[in-house]
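*Asks:* The structure that follows is given in the form of structure tokens.
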Amino acid sequence: SVLSRYENQITILSDYLEEFPETDEPVWILGRQHHLNTDKSKLLLDISARLWFTYRRKFSPIGGTGPSSDAGWGCMLRCGQMMLAQALICRHLGRDWQWEKHKKQPEEYHRILRCFLDRKDCCYSIHQMAQMGVGEGKSIGEWFGPNTVAQVLKKLALFDEWNSLAVYVSMDNTVVIEDIKKMCWSPPQSSSAAHSSVHLHRSALGRNKNTAGFCTGWKPLLLIIPLRLGINHINPVYIDAFKECFKMPQSLGALGGKPNNAYYFIGFLGNELIYLDPHTTQSFVDLEENGTVDDESFHCQQAPHRMKIMNLDPSVALGFFCKEECDFDNWCSLVQKEILKQQSLRMFELVQKHPPHWPPFIPPTKPEVTTTGAELIESTDKLFELEEEFEILTV
């Protein structure tokens, strides 16, 4: 009865599009412009191509004895998964990649999806995110805010060698260009550092190891900017700048919503935000024998919800993806031109040099092992995993 409160009726996206107002105003979705009067079908394809993560039930209990569903508490974690998944799609498949039901997809797509399955051995699973959140002061089953999810993704990405992302979470509403370039150009880490963290399951490390070796150039950047755009309500002075972010080609949308109700915002029409809603409870989907995933439930084929921007909770987090250094340089130029120079009250600051009164910036690295092998073994691990654990710890 509790779960049934979170079940949503499935409606067809094309039916809902007819309810959009007749307007010449463009619809912006993650840096792409659509016109309702000429290309509704392209808008439908663009929205359905985004990986859609929702509440799930009947997965293995988190931590062995914790919840087996995230209904009612995991919505912001699911939104964080969606933002990160969009970054990985841009990294491996490109922003214009499209998903079609029953169409064969490249191996990179299936590998991205496997990172997010509700299993303790998947790098960005609800299990890993909830357990990593404990270090951020959040109990398993407790609701997260946008900044907490950003910090969790930043930590988990350190163990994901296949995607090899540099995750920068801004501090004090300030993005420091010098620090980002230092992090994205930092030399590759020693693989010996990959065997640590009591939170990240050992199998997840092996599953995401980059077998082709380390990339020595610019590490693709996931930039997350947590913001407070008002006290109790969003300040109208920020609305134009907030909408401008969805127009940028680097846009990954925004995390936010209402108190204890998180949404993944992917675009806007006029003064209405368009978002993917994680508040649908679906059954756990596992890997099939051939390593693929039945992916139909991971794509939004229901109505893209809308809400008035003024109803948005002022606590949000903007996301951007820069695959190459030139993408980041272009983003900086767009911010200077479209946001900073236009606003008397700025959403955030973009500065060239590290502020002298801040602690020195040190690019984050995977922590070294500081515990014994026995302490690293989780109580819920199976005996057949012990051999793998021993091999990792003795490399």
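By order of appearance in the structure tokens: chains A, B, ..., then residues from 1 within every chain, and ligands from 1 in the order shown.
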Can I get the residues of range 209-298 of chain A within 10 Å of range 73-95 of chain A, each with the closest pair of atoms and their distance in Å to one decimal, using only C-alpha atoms, sorted chain first then ascending number, as CSV?
*Replies:*
residue,atom,partner,partner_atom,distance
A:Pro220,CA,A:Arg91,CA,7.5
A:Leu221,CA,A:Ala87,CA,8.8
A:Leu222,CA,A:Ala87,CA,7.0
A:Leu223,CA,A:Ala87,CA,9.8
A:Ile224,CA,A:Met83,CA,9.7
A:Pro249,CA,A:Arg95,CA,8.7
A:Gln250,CA,A:Arg95,CA,9.2
A:Ser251,CA,A:Ala87,CA,9.2
A:Leu252,CA,A:Met83,CA,6.0
A:Gly253,CA,A:Met83,CA,7.2
A:Ala254,CA,A:Met83,CA,7.7
A:Leu255,CA,A:Cys79,CA,6.5
A:Gly256,CA,A:Met76,CA,7.9
A:Gly257,CA,A:Met76,CA,9.1
A:Asn260,CA,A:Trp73,CA,7.9
A:Asn261,CA,A:Cys75,CA,6.9
A:Ala262,CA,A:Met76,CA,5.0
A:Tyr263,CA,A:Cys79,CA,6.2
A:Tyr264,CA,A:Cys79,CA,5.2
A:Phe265,CA,A:Cys79,CA,8.8
A:Ile266,CA,A:Met83,CA,9.1
A:Leu276,CA,A:Cys79,CA,8.3
A:Asp277,CA,A:Cys79,CA,8.3
A:Pro278,CA,A:Cys75,CA,5.7
A:His279,CA,A:Cys75,CA,6.7
A:Thr280,CA,A:Cys75,CA,9.6
*Asks:* Can you list, as a ChimeraX atom specification, all residues belonging to range 87-329 of chain A that DSSP tags as alpha helix (DSSP H)?
*Replies:* /A:87-92,107-114,126-134,146-157,177-184,202-207,239-247,325-329
*Asks:* For Phe328 in chain A, which residue out of A:Val176, A:Leu51, A:Val149, A:Ile112 is the nearest one, using only C-alpha atoms?
*Replies:*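 Of A:Val176, A:Leu51, A:Val149, A:Ile112, the one nearest Phe328 in chain A, counting only C-alpha atoms, is A:Val176.
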*Asks:* Tell me which protein, DNA and RNA residues are within 12 Å of Val27 in chain A, counting only C-alpha atoms, leaving out same-chain ones fewer than 3 positions away, and put them as a count of residues only.
*Replies:* 35
*Asks:* Quick one: residues within 8 Å of Glu338 in chain A, only C-alpha atoms counted, chain neighbours fewer than 3 positions away excluded, as a ChimeraX atom specification?
*Replies:* /A:241,244,334-335,341-342
*Asks:* Restrict the selected residues to N, CA and C atoms and save them as a PDB file, in the first residue's frame.
*Replies:*
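Writing done, so here's again_25.pdb:
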ATOM      1  N   ALA A 241      18.812  33.810 -16.289  1.00  0.00           N
ATOM      2  CA  ALA A 241      20.122  33.146 -16.277  1.00  0.00           C
ATOM      3  C   ALA A 241      19.955  31.639 -16.121  1.00  0.00           C
ATOM      4  N   GLU A 244      18.960  30.252 -19.364  1.00  0.00           N
ATOM      5  CA  GLU A 244      20.062  30.338 -20.324  1.00  0.00           C
ATOM      6  C   GLU A 244      20.972  29.112 -20.245  1.00  0.00           C
ATOM      7  N   LEU A 334      30.567  31.468 -22.882  1.00  0.00           N
ATOM      8  CA  LEU A 334      29.112  31.612 -22.839  1.00  0.00           C
ATOM      9  C   LEU A 334      28.654  32.145 -21.486  1.00  0.00           C
ATOM     10  N   VAL A 335      29.273  31.679 -20.424  1.00  0.00           N
ATOM     11  CA  VAL A 335      28.910  32.155 -19.084  1.00  0.00           C
ATOM     12  C   VAL A 335      29.205  33.647 -18.961  1.00  0.00           C
ATOM     13  N   LYS A 341      27.664  38.966 -17.558  1.00  0.00           N
ATOM     14  CA  LYS A 341      27.601  40.347 -18.019  1.00  0.00           C
ATOM     15  C   LYS A 341      26.179  40.894 -18.054  1.00  0.00           C
ATOM     16  N   GLN A 342      25.192  39.978 -18.036  1.00  0.00           N
ATOM     17  CA  GLN A 342      23.803  40.401 -18.139  1.00  0.00           C
ATOM     18  C   GLN A 342      23.145  40.603 -16.773  1.00  0.00           C
TER      19      GLN A 342
END
*Asks:* Excluding Arg57 in chain A and residues on its chain fewer than 5 positions from it, collect all residues at most 8 Å away from it, counting only C-alpha atoms, and give them as number ranges by chain.
*Replies:* A: 68-71, 281-284
*Asks:* Would you save the residues of that selection, restricted to N, CA and C atoms, as a PDB file, in the first residue's frame?
*Replies:*
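Written file, selection-v7.pdb:
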ATOM      1  N   SER A  68      15.089  -2.716   0.500  1.00  0.00           N
ATOM      2  CA  SER A  68      15.139  -3.348  -0.812  1.00  0.00           C
ATOM      3  C   SER A  68      14.326  -2.552  -1.832  1.00  0.00           C
ATOM      4  N   SER A  69      13.950  -1.348  -1.471  1.00  0.00           N
ATOM      5  CA  SER A  69      13.300  -0.399  -2.363  1.00  0.00           C
ATOM      6  C   SER A  69      13.706   0.998  -1.937  1.00  0.00           C
ATOM      7  N   ASP A  70      13.794   1.922  -2.904  1.00  0.00           N
ATOM      8  CA  ASP A  70      14.110   3.308  -2.563  1.00  0.00           C
ATOM      9  C   ASP A  70      12.892   4.212  -2.705  1.00  0.00           C
ATOM     10  N   ALA A  71      11.700   3.619  -2.819  1.00  0.00           N
ATOM     11  CA  ALA A  71      10.481   4.420  -2.944  1.00  0.00           C
ATOM     12  C   ALA A  71      10.315   5.315  -1.720  1.00  0.00           C
ATOM     13  N   THR A 281       7.437   3.746  -9.259  1.00  0.00           N
ATOM     14  CA  THR A 281       8.119   2.586  -8.694  1.00  0.00           C
ATOM     15  C   THR A 281       8.009   1.404  -9.655  1.00  0.00           C
ATOM     16  N   GLN A 282       9.160   0.962 -10.143  1.00  0.00           N
ATOM     17  CA  GLN A 282       9.214  -0.166 -11.065  1.00  0.00           C
ATOM     18  C   GLN A 282       9.981  -1.313 -10.405  1.00  0.00           C
ATOM     19  N   SER A 283       9.817  -2.499 -10.972  1.00  0.00           N
ATOM     20  CA  SER A 283      10.510  -3.661 -10.420  1.00  0.00           C
ATOM     21  C   SER A 283      11.974  -3.657 -10.832  1.00  0.00           C
ATOM     22  N   PHE A 284      12.800  -4.239  -9.995  1.00  0.00           N
ATOM     23  CA  PHE A 284      14.235  -4.389 -10.251  1.00  0.00           C
ATOM     24  C   PHE A 284      14.465  -5.127 -11.576  1.00  0.00           C
TER      25      PHE A 284
END
*Asks:* Kindly give the distance, in Å, that separates CA of Leu117 in chain A and CA of Asp160 in chain A, rounded to a single decimal.
*Replies:* 14.8 Å
*Asks:* Pick the closest to Phe159 in chain A from A:Asn290, A:Ser333, A:Asn147, A:Gln128: which is it, counting only C-alpha atoms?
*Replies:*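 Smallest distance to Phe159 in chain A is found for A:Gln128.
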